[in-house]
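Asks: Here you go, one structure.
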Amino acid sequence: MSNDVVNFNAGPATLPRPALERARAELLDFDHTGISVLEHSHRGKEYEALHDHTIALLRKLMGISDDYHVLFMQGGATAQFAFLPMNVLRPGESADYVVTGNWAKKAVSEGKHYGNLRVAATTEDGGSFKRIPKPEELKLEASARYVHITTNNTIMGTQWHWLPDTSGVPLVADMSSDILSTPIDVSKFDLVYAGAQKNIGPSGVTIVIAKKAFLEGANTNMAKVFQYAEVAKANSLLNTIPTFGIYLIRNVLEHLDQRGGVPAIEKHNREKAALLYDAIDEDPAYFTCPVAKEDRSLMNPVFRLPNEELEAAMVSEAKDAGFIGIKGHRSVGGLRVSMYNAMTREGVARFVEWMKQFATAHPA
Ligand SMILES: Cc1ncc(COP(=O)(O)O)c(C=O)c1O
């Protein structure tokens, strides 16, 4: 984010400015080696130290124990939709999916090529996905290999603020759009995956946190690059990894650590979300948030104006005022203001003031 532009893009998204400035300062000479990090071999000791340090930082920030592997993979969360059932679903087994948005739906449609995936609950309700299901709506099978949830629904603007009781069935989560935004107890999950391009760094790297015990007996009849156990055995260096992406993740995680880690960023995220949601709730005749209040996302607040013409005008005038990326996803329309960890409080406060002025200048 430059000082003049406030970037509310949903992902790739704004990154912490100090992490980018550090990359600029270090670009031509990494760690006094005389060459750029872009030019280092992924097999060299300089890169390897960076790689291991980045994993250690993630372990520290998320409290990940040695019972878990921390992997860097490629193909985004979309590839994980397939890798997960490919690895852990054995013949005759099924998995339960809680479908709370477009990405959760895709997790099922892409994954079902590799096993029997059941929809244990859906809040599609004719296409709207305006809420997270209630605990009693989950029709979970005791024999399921795992239960899959999407902790934050980037397009719909909803977020799980509680975890389902799976009665001992392993819980798996797509945390692409809220990882590292609030403290989580990793021990409650058997596997977590997330594309890096929202809270962690640039696109091109996918984080996988997998309980070692969950991978026992996993399938091996596929190429190594798809197998969690093989990627783990190679410390995520099975092939040429996106080294610059990992370098930037290092910068983002060190910056997060310096500013107080996940508990500090959660406070910051709650303050930003409150600024926006309060402005919406204060003027219900003009602004409406279509999602259930208790399920509102801290990362991707969505809202509507009285009509689509006003929404289009807001997107266009916002851009002129220096606020970019507020158009809702094409599948749902409306407005979406993505505010990941790197979004500043000042950026949101400026937008909220501007949004109120817009409402005054454009009465319904
Ligand atoms: C929750 C969620 N899951 C999955 C994806 C797909 O991620 P990728 O583009 O990294 O495959 C996204 C992308 O925005 C997302 O927000």
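In the structure tokens, the first chain shown is A, the next is B, and so on; residue numbers restart at 1 for each chain, and ligands run from 1 in the order shown.
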Please return, as a PDB file with N, CA and C atoms, in the first residue's frame, all residues of stretch 68-246 of chain A that DSSP assigns to alpha helix (DSSP H) on the basis of the backbone.

Replies:
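What landed in result05.pdb:
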```pdb
ATOM      1  N   GLY A  76      -1.896 -23.427  -4.985  1.00  0.00           N
ATOM      2  CA  GLY A  76      -2.918 -22.691  -4.241  1.00  0.00           C
ATOM      3  C   GLY A  76      -3.818 -23.608  -3.436  1.00  0.00           C
ATOM      4  N   ALA A  77      -4.791 -22.986  -2.783  1.00  0.00           N
ATOM      5  CA  ALA A  77      -5.779 -23.771  -2.031  1.00  0.00           C
ATOM      6  C   ALA A  77      -6.552 -24.670  -2.990  1.00  0.00           C
ATOM      7  N   THR A  78      -6.653 -24.238  -4.248  1.00  0.00           N
ATOM      8  CA  THR A  78      -7.402 -25.018  -5.243  1.00  0.00           C
ATOM      9  C   THR A  78      -6.782 -26.401  -5.427  1.00  0.00           C
ATOM     10  N   ALA A  79      -5.464 -26.474  -5.450  1.00  0.00           N
ATOM     11  CA  ALA A  79      -4.818 -27.791  -5.574  1.00  0.00           C
ATOM     12  C   ALA A  79      -5.067 -28.617  -4.306  1.00  0.00           C
ATOM     13  N   GLN A  80      -5.136 -27.933  -3.165  1.00  0.00           N
ATOM     14  CA  GLN A  80      -5.400 -28.672  -1.917  1.00  0.00           C
ATOM     15  C   GLN A  80      -6.791 -29.316  -1.932  1.00  0.00           C
ATOM     16  N   PHE A  81      -7.726 -28.698  -2.648  1.00  0.00           N
ATOM     17  CA  PHE A  81      -9.072 -29.299  -2.737  1.00  0.00           C
ATOM     18  C   PHE A  81      -8.946 -30.749  -3.225  1.00  0.00           C
ATOM     19  N   ALA A  82      -7.959 -30.992  -4.117  1.00  0.00           N
ATOM     20  CA  ALA A  82      -7.742 -32.342  -4.647  1.00  0.00           C
ATOM     21  C   ALA A  82      -6.727 -33.132  -3.814  1.00  0.00           C
ATOM     22  N   PHE A  83      -5.619 -32.464  -3.423  1.00  0.00           N
ATOM     23  CA  PHE A  83      -4.546 -33.194  -2.712  1.00  0.00           C
ATOM     24  C   PHE A  83      -5.060 -33.850  -1.433  1.00  0.00           C
ATOM     25  N   LEU A  84      -5.954 -33.132  -0.739  1.00  0.00           N
ATOM     26  CA  LEU A  84      -6.418 -33.648   0.558  1.00  0.00           C
ATOM     27  C   LEU A  84      -7.097 -35.023   0.410  1.00  0.00           C
ATOM     28  N   PRO A  85      -8.186 -35.140  -0.374  1.00  0.00           N
ATOM     29  CA  PRO A  85      -8.780 -36.473  -0.511  1.00  0.00           C
ATOM     30  C   PRO A  85      -7.840 -37.471  -1.198  1.00  0.00           C
ATOM     31  N   MET A  86      -7.034 -36.995  -2.159  1.00  0.00           N
ATOM     32  CA  MET A  86      -6.090 -37.906  -2.831  1.00  0.00           C
ATOM     33  C   MET A  86      -5.176 -38.588  -1.822  1.00  0.00           C
ATOM     34  N   ASN A  87      -4.736 -37.823  -0.834  1.00  0.00           N
ATOM     35  CA  ASN A  87      -3.797 -38.358   0.149  1.00  0.00           C
ATOM     36  C   ASN A  87      -4.459 -39.226   1.199  1.00  0.00           C
ATOM     37  N   VAL A  88      -5.556 -38.732   1.766  1.00  0.00           N
ATOM     38  CA  VAL A  88      -6.014 -39.396   2.998  1.00  0.00           C
ATOM     39  C   VAL A  88      -7.253 -40.273   2.856  1.00  0.00           C
ATOM     40  N   ASN A 102     -18.753 -20.228  -2.003  1.00  0.00           N
ATOM     41  CA  ASN A 102     -18.269 -20.712  -3.308  1.00  0.00           C
ATOM     42  C   ASN A 102     -17.017 -21.566  -3.195  1.00  0.00           C
ATOM     43  N   TRP A 103     -16.090 -21.168  -2.290  1.00  0.00           N
ATOM     44  CA  TRP A 103     -14.835 -21.926  -2.193  1.00  0.00           C
ATOM     45  C   TRP A 103     -15.076 -23.297  -1.577  1.00  0.00           C
ATOM     46  N   ALA A 104     -15.972 -23.354  -0.601  1.00  0.00           N
ATOM     47  CA  ALA A 104     -16.289 -24.655   0.012  1.00  0.00           C
ATOM     48  C   ALA A 104     -16.956 -25.560  -1.022  1.00  0.00           C
ATOM     49  N   LYS A 105     -17.783 -24.944  -1.858  1.00  0.00           N
ATOM     50  CA  LYS A 105     -18.445 -25.712  -2.922  1.00  0.00           C
ATOM     51  C   LYS A 105     -17.407 -26.280  -3.896  1.00  0.00           C
ATOM     52  N   LYS A 106     -16.423 -25.439  -4.190  1.00  0.00           N
ATOM     53  CA  LYS A 106     -15.347 -25.887  -5.092  1.00  0.00           C
ATOM     54  C   LYS A 106     -14.512 -26.988  -4.454  1.00  0.00           C
ATOM     55  N   ALA A 107     -14.310 -26.887  -3.136  1.00  0.00           N
ATOM     56  CA  ALA A 107     -13.547 -27.940  -2.441  1.00  0.00           C
ATOM     57  C   ALA A 107     -14.223 -29.284  -2.690  1.00  0.00           C
ATOM     58  N   VAL A 108     -15.553 -29.287  -2.699  1.00  0.00           N
ATOM     59  CA  VAL A 108     -16.304 -30.535  -2.933  1.00  0.00           C
ATOM     60  C   VAL A 108     -16.226 -30.921  -4.410  1.00  0.00           C
ATOM     61  N   SER A 109     -16.484 -29.966  -5.303  1.00  0.00           N
ATOM     62  CA  SER A 109     -16.568 -30.344  -6.725  1.00  0.00           C
ATOM     63  C   SER A 109     -15.203 -30.779  -7.275  1.00  0.00           C
ATOM     64  N   GLU A 110     -14.125 -30.167  -6.769  1.00  0.00           N
ATOM     65  CA  GLU A 110     -12.794 -30.573  -7.235  1.00  0.00           C
ATOM     66  C   GLU A 110     -12.336 -31.853  -6.540  1.00  0.00           C
ATOM     67  N   GLY A 111     -12.664 -31.966  -5.257  1.00  0.00           N
ATOM     68  CA  GLY A 111     -12.180 -33.117  -4.489  1.00  0.00           C
ATOM     69  C   GLY A 111     -12.914 -34.403  -4.788  1.00  0.00           C
ATOM     70  N   TYR A 228       1.688 -35.455   0.767  1.00  0.00           N
ATOM     71  CA  TYR A 228       2.111 -34.675   1.934  1.00  0.00           C
ATOM     72  C   TYR A 228       3.330 -35.313   2.603  1.00  0.00           C
ATOM     73  N   ALA A 229       3.304 -36.628   2.749  1.00  0.00           N
ATOM     74  CA  ALA A 229       4.387 -37.293   3.488  1.00  0.00           C
ATOM     75  C   ALA A 229       5.723 -37.124   2.770  1.00  0.00           C
ATOM     76  N   GLU A 230       5.699 -37.165   1.449  1.00  0.00           N
ATOM     77  CA  GLU A 230       6.949 -37.013   0.681  1.00  0.00           C
ATOM     78  C   GLU A 230       7.438 -35.567   0.731  1.00  0.00           C
ATOM     79  N   VAL A 231       6.517 -34.636   0.631  1.00  0.00           N
ATOM     80  CA  VAL A 231       6.901 -33.220   0.722  1.00  0.00           C
ATOM     81  C   VAL A 231       7.501 -32.960   2.107  1.00  0.00           C
ATOM     82  N   ALA A 232       6.904 -33.565   3.129  1.00  0.00           N
ATOM     83  CA  ALA A 232       7.419 -33.397   4.502  1.00  0.00           C
ATOM     84  C   ALA A 232       8.815 -34.005   4.628  1.00  0.00           C
ATOM     85  N   LYS A 233       8.979 -35.194   4.063  1.00  0.00           N
ATOM     86  CA  LYS A 233      10.270 -35.880   4.163  1.00  0.00           C
ATOM     87  C   LYS A 233      11.384 -35.025   3.540  1.00  0.00           C
ATOM     88  N   THR A 243      11.248 -19.635  -4.146  1.00  0.00           N
ATOM     89  CA  THR A 243      12.125 -19.123  -3.078  1.00  0.00           C
ATOM     90  C   THR A 243      11.838 -17.658  -2.724  1.00  0.00           C
ATOM     91  N   PHE A 244      11.530 -16.845  -3.734  1.00  0.00           N
ATOM     92  CA  PHE A 244      11.286 -15.431  -3.439  1.00  0.00           C
ATOM     93  C   PHE A 244       9.987 -15.268  -2.641  1.00  0.00           C
ATOM     94  N   GLY A 245       9.011 -16.106  -2.952  1.00  0.00           N
ATOM     95  CA  GLY A 245       7.756 -16.091  -2.180  1.00  0.00           C
ATOM     96  C   GLY A 245       8.018 -16.421  -0.716  1.00  0.00           C
ATOM     97  N   ILE A 246       8.866 -17.405  -0.481  1.00  0.00           N
ATOM     98  CA  ILE A 246       9.177 -17.782   0.912  1.00  0.00           C
ATOM     99  C   ILE A 246       9.950 -16.647   1.594  1.00  0.00           C
TER     100      ILE A 246
END
```

Asks: Grab me every residue within 9 Å of ligand 1, counting only C-alpha atoms and all ligand atoms, and send it over as JSON, numbers by chain.

Replies: {"A": [10, 11, 12, 74, 75, 76, 77, 78, 79, 80, 81, 101, 102, 103, 104, 106, 107, 150, 151, 152, 153, 154, 155, 174, 175, 176, 177, 178, 193, 194, 195, 196, 197, 198, 203, 204, 205, 206]}

Asks: Next, write the just-selected residues to a file, as a compact mmCIF listing (two decimals), in the first residue's frame, keeping N, CA, C and O atoms as the atom set.

Replies:
```txt
# COMPACT_ATOMS: atom_id res chain seq x y z
N ALA A 10 -9.11 -8.36 -2.49
CA ALA A 10 -9.39 -9.58 -1.71
C ALA A 10 -8.25 -10.59 -1.76
O ALA A 10 -8.24 -11.55 -0.98
N GLY A 11 -7.33 -10.45 -2.67
CA GLY A 11 -6.18 -11.35 -2.72
C GLY A 11 -5.83 -11.70 -4.15
O GLY A 11 -6.73 -12.10 -4.89
N PRO A 12 -4.54 -11.52 -4.53
CA PRO A 12 -3.47 -10.92 -3.75
C PRO A 12 -3.90 -9.59 -3.15
O PRO A 12 -4.68 -8.85 -3.77
N GLN A 74 2.57 -25.87 -3.76
CA GLN A 74 2.15 -24.98 -4.84
C GLN A 74 0.77 -25.39 -5.36
O GLN A 74 0.25 -26.42 -4.98
N GLY A 75 0.23 -24.55 -6.22
CA GLY A 75 -1.10 -24.86 -6.78
C GLY A 75 -2.23 -24.21 -6.01
O GLY A 75 -3.40 -24.40 -6.34
N GLY A 76 -1.90 -23.43 -4.98
CA GLY A 76 -2.92 -22.69 -4.24
C GLY A 76 -3.82 -23.61 -3.44
O GLY A 76 -3.65 -24.84 -3.41
N ALA A 77 -4.79 -22.99 -2.78
CA ALA A 77 -5.78 -23.77 -2.03
C ALA A 77 -6.55 -24.67 -2.99
O ALA A 77 -7.01 -25.75 -2.61
N THR A 78 -6.65 -24.24 -4.25
CA THR A 78 -7.40 -25.02 -5.24
C THR A 78 -6.78 -26.40 -5.43
O THR A 78 -7.51 -27.40 -5.53
N ALA A 79 -5.46 -26.47 -5.45
CA ALA A 79 -4.82 -27.79 -5.57
C ALA A 79 -5.07 -28.62 -4.31
O ALA A 79 -5.22 -29.84 -4.37
N GLN A 80 -5.14 -27.93 -3.16
CA GLN A 80 -5.40 -28.67 -1.92
C GLN A 80 -6.79 -29.32 -1.93
O GLN A 80 -7.00 -30.35 -1.29
N PHE A 81 -7.73 -28.70 -2.65
CA PHE A 81 -9.07 -29.30 -2.74
C PHE A 81 -8.95 -30.75 -3.22
O PHE A 81 -9.71 -31.62 -2.83
N GLY A 101 -19.93 -21.50 1.20
CA GLY A 101 -19.64 -20.47 0.21
C GLY A 101 -19.09 -21.09 -1.06
O GLY A 101 -18.95 -22.32 -1.16
N ASN A 102 -18.75 -20.23 -2.00
CA ASN A 102 -18.27 -20.71 -3.31
C ASN A 102 -17.02 -21.57 -3.20
O ASN A 102 -16.86 -22.55 -3.91
N TRP A 103 -16.09 -21.17 -2.29
CA TRP A 103 -14.83 -21.93 -2.19
C TRP A 103 -15.08 -23.30 -1.58
O TRP A 103 -14.46 -24.28 -1.98
N ALA A 104 -15.97 -23.35 -0.60
CA ALA A 104 -16.29 -24.65 0.01
C ALA A 104 -16.96 -25.56 -1.02
O ALA A 104 -16.70 -26.77 -1.09
N LYS A 106 -16.42 -25.44 -4.19
CA LYS A 106 -15.35 -25.89 -5.09
C LYS A 106 -14.51 -26.99 -4.45
O LYS A 106 -14.03 -27.90 -5.14
N ALA A 107 -14.31 -26.89 -3.14
CA ALA A 107 -13.55 -27.94 -2.44
C ALA A 107 -14.22 -29.28 -2.69
O ALA A 107 -13.56 -30.30 -2.92
N THR A 150 -14.52 -24.25 5.87
CA THR A 150 -13.82 -23.09 5.31
C THR A 150 -13.98 -21.99 6.36
O THR A 150 -15.09 -21.45 6.52
N THR A 151 -12.91 -21.68 7.09
CA THR A 151 -13.10 -20.85 8.29
C THR A 151 -13.53 -19.42 7.98
O THR A 151 -14.20 -18.78 8.79
N ASN A 152 -13.15 -18.91 6.80
CA ASN A 152 -13.60 -17.56 6.42
C ASN A 152 -14.01 -17.61 4.95
O ASN A 152 -13.24 -18.07 4.10
N ASN A 153 -15.22 -17.13 4.69
CA ASN A 153 -15.76 -17.21 3.33
C ASN A 153 -15.55 -15.87 2.65
O ASN A 153 -16.35 -14.93 2.80
N THR A 154 -14.46 -15.80 1.92
CA THR A 154 -13.91 -14.58 1.35
C THR A 154 -14.91 -13.82 0.48
O THR A 154 -14.92 -12.60 0.46
N ILE A 155 -15.73 -14.57 -0.24
CA ILE A 155 -16.67 -13.94 -1.17
C ILE A 155 -17.95 -13.52 -0.45
O ILE A 155 -18.49 -12.43 -0.68
N ASP A 174 -9.83 -25.07 5.44
CA ASP A 174 -9.28 -24.13 4.48
C ASP A 174 -9.28 -22.78 5.18
O ASP A 174 -10.34 -22.20 5.44
N MET A 175 -8.09 -22.30 5.55
CA MET A 175 -7.97 -21.01 6.26
C MET A 175 -7.34 -19.95 5.36
O MET A 175 -6.66 -19.04 5.85
N SER A 176 -7.57 -20.08 4.06
CA SER A 176 -6.89 -19.17 3.12
C SER A 176 -7.06 -17.71 3.48
O SER A 176 -6.12 -16.93 3.32
N SER A 177 -8.26 -17.32 3.93
CA SER A 177 -8.45 -15.88 4.10
C SER A 177 -8.54 -15.43 5.55
O SER A 177 -8.86 -14.26 5.79
N ASP A 178 -8.22 -16.31 6.52
CA ASP A 178 -8.14 -15.76 7.88
C ASP A 178 -7.01 -16.35 8.72
O ASP A 178 -6.91 -16.06 9.92
N TYR A 193 -4.92 -25.72 5.62
CA TYR A 193 -4.20 -25.23 4.44
C TYR A 193 -4.64 -23.81 4.12
O TYR A 193 -5.75 -23.39 4.50
N ALA A 194 -3.75 -23.09 3.45
CA ALA A 194 -4.05 -21.70 3.12
C ALA A 194 -3.14 -21.23 2.00
O ALA A 194 -1.92 -21.42 2.07
N GLY A 195 -3.72 -20.60 0.99
CA GLY A 195 -2.92 -19.88 0.01
C GLY A 195 -2.30 -18.69 0.73
O GLY A 195 -2.92 -18.12 1.63
N ALA A 196 -1.09 -18.31 0.35
CA ALA A 196 -0.39 -17.26 1.11
C ALA A 196 -0.89 -15.85 0.84
O ALA A 196 -0.65 -14.94 1.63
N GLN A 197 -1.62 -15.66 -0.27
CA GLN A 197 -1.77 -14.30 -0.83
C GLN A 197 -2.71 -13.34 -0.11
O GLN A 197 -3.08 -12.33 -0.68
N LYS A 198 -3.08 -13.67 1.14
CA LYS A 198 -3.92 -12.71 1.88
C LYS A 198 -3.19 -12.25 3.15
O LYS A 198 -2.79 -11.10 3.25
N SER A 203 1.20 -14.53 -3.73
CA SER A 203 0.61 -15.75 -4.29
C SER A 203 1.74 -16.67 -4.74
O SER A 203 2.88 -16.23 -4.94
N GLY A 204 1.43 -17.95 -4.89
CA GLY A 204 2.43 -18.90 -5.38
C GLY A 204 2.91 -19.88 -4.32
O GLY A 204 3.55 -20.87 -4.65
N VAL A 205 2.63 -19.58 -3.06
CA VAL A 205 3.01 -20.51 -1.99
C VAL A 205 1.72 -20.90 -1.25
O VAL A 205 0.88 -20.04 -0.98
N THR A 206 1.58 -22.18 -0.95
CA THR A 206 0.46 -22.64 -0.14
C THR A 206 1.04 -23.25 1.14
O THR A 206 1.99 -24.04 1.08
```

Asks: Got a sec to tell me which of stretch 83-208 of chain A DSSP assigns to strand (DSSP E), as a PyMOL selection string?

Replies: chain A and resi 94-99+116-122+147-150+152-153+158-159+171-174+191-195+206-208

Asks: Quick one: everything within 12 Å of A:Lys356, counting only C-alpha atoms, minus sequence neighbours fewer than 5 positions away in the same chain. Send it as a PyMOL selection string.

Replies: chain A and resi 275-276+278-283+286-287+305+314+318+349-351+361-363

Asks: Would you mind exporting N, CA and C atoms of the selected residues as an mmCIF file, in the first residue's frame?

Replies:
```cif
data_model
loop_
_atom_site.group_PDB
_atom_site.id
_atom_site.type_symbol
_atom_site.label_atom_id
_atom_site.label_comp_id
_atom_site.auth_asym_id
_atom_site.auth_seq_id
_atom_site.Cartn_x
_atom_site.Cartn_y
_atom_site.Cartn_z
ATOM 1 N N LEU A 275 -14.972 -0.527 13.086
ATOM 2 C CA LEU A 275 -15.121 0.786 12.448
ATOM 3 C C LEU A 275 -16.098 0.692 11.274
ATOM 4 N N LEU A 276 -15.908 -0.339 10.446
ATOM 5 C CA LEU A 276 -16.734 -0.452 9.245
ATOM 6 C C LEU A 276 -18.156 -0.915 9.573
ATOM 7 N N ASP A 278 -19.786 -0.671 12.328
ATOM 8 C CA ASP A 278 -20.534 0.353 13.074
ATOM 9 C C ASP A 278 -21.097 1.384 12.107
ATOM 10 N N ALA A 279 -20.292 1.763 11.109
ATOM 11 C CA ALA A 279 -20.769 2.758 10.130
ATOM 12 C C ALA A 279 -21.963 2.197 9.356
ATOM 13 N N ILE A 280 -21.915 0.909 9.033
ATOM 14 C CA ILE A 280 -23.026 0.277 8.303
ATOM 15 C C ILE A 280 -24.273 0.267 9.191
ATOM 16 N N ASP A 281 -24.087 -0.170 10.439
ATOM 17 C CA ASP A 281 -25.250 -0.312 11.339
ATOM 18 C C ASP A 281 -25.853 1.033 11.738
ATOM 19 N N GLU A 282 -25.032 2.087 11.709
ATOM 20 C CA GLU A 282 -25.522 3.411 12.109
ATOM 21 C C GLU A 282 -26.475 4.005 11.073
ATOM 22 N N ASP A 283 -26.422 3.521 9.853
ATOM 23 C CA ASP A 283 -27.258 4.105 8.794
ATOM 24 C C ASP A 283 -27.960 2.986 8.007
ATOM 25 N N TYR A 286 -29.434 3.237 4.486
ATOM 26 C CA TYR A 286 -28.542 3.374 3.322
ATOM 27 C C TYR A 286 -27.648 2.150 3.127
ATOM 28 N N PHE A 287 -27.046 1.684 4.241
ATOM 29 C CA PHE A 287 -26.109 0.547 4.161
ATOM 30 C C PHE A 287 -26.752 -0.704 4.758
ATOM 31 N N LEU A 305 -25.755 -1.124 -0.995
ATOM 32 C CA LEU A 305 -26.338 0.218 -0.972
ATOM 33 C C LEU A 305 -27.784 0.087 -1.464
ATOM 34 N N MET A 314 -20.290 4.128 -6.298
ATOM 35 C CA MET A 314 -19.367 4.095 -5.151
ATOM 36 C C MET A 314 -18.017 3.485 -5.562
ATOM 37 N N ALA A 318 -14.843 5.809 -5.428
ATOM 38 C CA ALA A 318 -13.851 5.373 -4.425
ATOM 39 C C ALA A 318 -12.477 5.317 -5.071
ATOM 40 N N ALA A 349 -10.279 3.778 8.623
ATOM 41 C CA ALA A 349 -10.922 4.988 9.166
ATOM 42 C C ALA A 349 -11.142 6.017 8.055
ATOM 43 N N ARG A 350 -10.159 6.157 7.190
ATOM 44 C CA ARG A 350 -10.301 7.108 6.074
ATOM 45 C C ARG A 350 -11.446 6.693 5.155
ATOM 46 N N PHE A 351 -11.517 5.384 4.886
ATOM 47 C CA PHE A 351 -12.578 4.899 4.002
ATOM 48 C C PHE A 351 -13.956 5.118 4.628
ATOM 49 N N ALA A 361 -23.805 12.655 -0.083
ATOM 50 C CA ALA A 361 -23.774 13.267 -1.408
ATOM 51 C C ALA A 361 -24.674 12.567 -2.418
ATOM 52 N N HIS A 362 -25.026 11.303 -2.127
ATOM 53 C CA HIS A 362 -25.860 10.526 -3.067
ATOM 54 C C HIS A 362 -27.065 9.934 -2.338
ATOM 55 N N PRO A 363 -28.029 10.744 -1.968
ATOM 56 C CA PRO A 363 -29.174 10.172 -1.247
ATOM 57 C C PRO A 363 -29.920 9.158 -2.116
#
```

Asks: Which of these, A:Trp354, A:Tyr340, A:Phe214, A:Phe323, has the shortest distance to A:Asn199 once you count only C-alpha atoms?

Replies: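 Under the stated criterion, the closest residue is A:Tyr340.
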
Asks: Counting only C-alpha atoms, which residue out of A:Ile149, A:Val98, A:Met299, A:Ile184 sits closest to A:Glu124?

Replies: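 Counting only C-alpha atoms, the residue closest to A:Glu124 is A:Val98.
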
Asks: List the neighbours of A:Ala292 out to 12 Å using only C-alpha atoms; skip same-chain residues closer than 4 positions along the sequence, and give me the result as an mmCIF file with N, CA, C and O atoms, in the first residue's frame.

Replies:
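Saved file result_20.cif follows:
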```cif
data_model
loop_
_atom_site.group_PDB
_atom_site.id
_atom_site.type_symbol
_atom_site.label_atom_id
_atom_site.label_comp_id
_atom_site.auth_asym_id
_atom_site.auth_seq_id
_atom_site.Cartn_x
_atom_site.Cartn_y
_atom_site.Cartn_z
ATOM 1 N N THR A 123 -25.308 -23.852 3.628
ATOM 2 C CA THR A 123 -26.132 -22.667 3.879
ATOM 3 C C THR A 123 -26.364 -21.931 2.555
ATOM 4 O O THR A 123 -26.557 -20.728 2.532
ATOM 5 N N SER A 128 -27.432 -17.967 -1.577
ATOM 6 C CA SER A 128 -27.046 -16.766 -0.838
ATOM 7 C C SER A 128 -25.881 -16.944 0.138
ATOM 8 O O SER A 128 -25.086 -16.027 0.317
ATOM 9 N N PHE A 129 -25.767 -18.095 0.778
ATOM 10 C CA PHE A 129 -24.682 -18.330 1.744
ATOM 11 C C PHE A 129 -24.520 -17.158 2.717
ATOM 12 O O PHE A 129 -23.429 -16.631 2.901
ATOM 13 N N LYS A 130 -25.615 -16.764 3.345
ATOM 14 C CA LYS A 130 -25.551 -15.569 4.200
ATOM 15 C C LYS A 130 -25.168 -15.871 5.635
ATOM 16 O O LYS A 130 -25.185 -14.989 6.493
ATOM 17 N N ARG A 131 -24.891 -17.134 5.922
ATOM 18 C CA ARG A 131 -24.624 -17.471 7.316
ATOM 19 C C ARG A 131 -23.789 -18.740 7.418
ATOM 20 O O ARG A 131 -23.617 -19.461 6.430
ATOM 21 N N ILE A 132 -23.323 -18.984 8.630
ATOM 22 C CA ILE A 132 -22.642 -20.233 9.000
ATOM 23 C C ILE A 132 -23.751 -21.113 9.612
ATOM 24 O O ILE A 132 -24.627 -20.580 10.306
ATOM 25 N N PRO A 133 -23.745 -22.421 9.379
ATOM 26 C CA PRO A 133 -24.846 -23.221 9.944
ATOM 27 C C PRO A 133 -24.804 -23.258 11.474
ATOM 28 O O PRO A 133 -23.767 -22.994 12.082
ATOM 29 N N LYS A 134 -25.917 -23.586 12.061
ATOM 30 C CA LYS A 134 -25.980 -23.786 13.521
ATOM 31 C C LYS A 134 -25.467 -25.201 13.815
ATOM 32 O O LYS A 134 -25.593 -26.093 12.959
ATOM 33 N N MET A 156 -18.400 -14.394 0.461
ATOM 34 C CA MET A 156 -19.686 -14.159 1.115
ATOM 35 C C MET A 156 -19.600 -13.205 2.299
ATOM 36 O O MET A 156 -20.603 -12.653 2.735
ATOM 37 N N GLY A 157 -18.391 -13.071 2.879
ATOM 38 C CA GLY A 157 -18.246 -12.184 4.035
ATOM 39 C C GLY A 157 -18.705 -12.805 5.338
ATOM 40 O O GLY A 157 -19.143 -12.082 6.246
ATOM 41 N N THR A 158 -18.611 -14.149 5.425
ATOM 42 C CA THR A 158 -18.943 -14.805 6.696
ATOM 43 C C THR A 158 -17.712 -15.523 7.240
ATOM 44 O O THR A 158 -16.778 -15.834 6.487
ATOM 45 N N GLN A 159 -17.742 -15.798 8.536
ATOM 46 C CA GLN A 159 -16.597 -16.440 9.193
ATOM 47 C C GLN A 159 -17.107 -17.307 10.340
ATOM 48 O O GLN A 159 -18.058 -16.934 11.033
ATOM 49 N N TRP A 160 -16.465 -18.441 10.511
ATOM 50 C CA TRP A 160 -16.786 -19.287 11.669
ATOM 51 C C TRP A 160 -16.171 -18.626 12.905
ATOM 52 O O TRP A 160 -14.960 -18.419 12.940
ATOM 53 N N THR A 288 -26.635 -1.827 4.059
ATOM 54 C CA THR A 288 -27.083 -3.087 4.670
ATOM 55 C C THR A 288 -25.995 -4.144 4.519
ATOM 56 O O THR A 288 -25.416 -4.305 3.447
ATOM 57 N N ARG A 296 -20.519 -12.459 10.900
ATOM 58 C CA ARG A 296 -19.803 -11.481 10.077
ATOM 59 C C ARG A 296 -18.294 -11.721 10.089
ATOM 60 O O ARG A 296 -17.710 -11.990 11.128
ATOM 61 N N SER A 297 -17.703 -11.562 8.918
ATOM 62 C CA SER A 297 -16.260 -11.772 8.767
ATOM 63 C C SER A 297 -15.480 -10.550 9.242
ATOM 64 O O SER A 297 -15.855 -9.411 8.947
ATOM 65 N N PRO A 301 -15.599 -7.758 5.204
ATOM 66 C CA PRO A 301 -16.959 -7.238 5.349
ATOM 67 C C PRO A 301 -17.584 -6.937 3.983
ATOM 68 O O PRO A 301 -16.917 -6.400 3.094
ATOM 69 N N VAL A 302 -18.851 -7.337 3.853
ATOM 70 C CA VAL A 302 -19.586 -7.049 2.609
ATOM 71 C C VAL A 302 -20.799 -6.189 2.965
ATOM 72 O O VAL A 302 -21.329 -6.283 4.065
ATOM 73 N N PHE A 303 -21.219 -5.340 2.036
ATOM 74 C CA PHE A 303 -22.439 -4.571 2.277
ATOM 75 C C PHE A 303 -23.069 -4.129 0.975
ATOM 76 O O PHE A 303 -22.452 -4.223 -0.102
#
```

Asks: Between atom CA of A:Gly322 and atom CA of A:Asn7, what is the distance in Å, rounded to a tenth?

Replies: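 Between atom CA of A:Gly322 and atom CA of A:Asn7 the gap is 8.3 Å.
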
Asks: Please measure the separation of atom CA of A:Lys327 and atom CA of A:Ala364, giving the value in Å to one decimal.

Replies: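 Between atom CA of A:Lys327 and atom CA of A:Ala364 the gap is 19.0 Å.
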
Asks: So, counting only C-alpha atoms, which residue among A:Gly115, A:Gly260, A:Pro183, A:Pro242 is closest to A:Met62?

Replies: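 Using only C-alpha atoms, A:Met62 sits closest to A:Pro183.
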
Asks: What lies within 12 Å of A:Ala23 using only C-alpha atoms, ignoring chain neighbours under 3 positions off, as a list in words?

Replies: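 That gives Leu15, Pro16, Arg17, Pro18, Ala19, Leu20, Glu26, Leu27, Leu28, Asp29, Phe30, Asp31, Ser36, Val37, Leu38, Gly201, Phe244, Gly245, Ile246, Tyr247, Leu248, Ile249, Arg250, Asn251 and Val252 of chain A.
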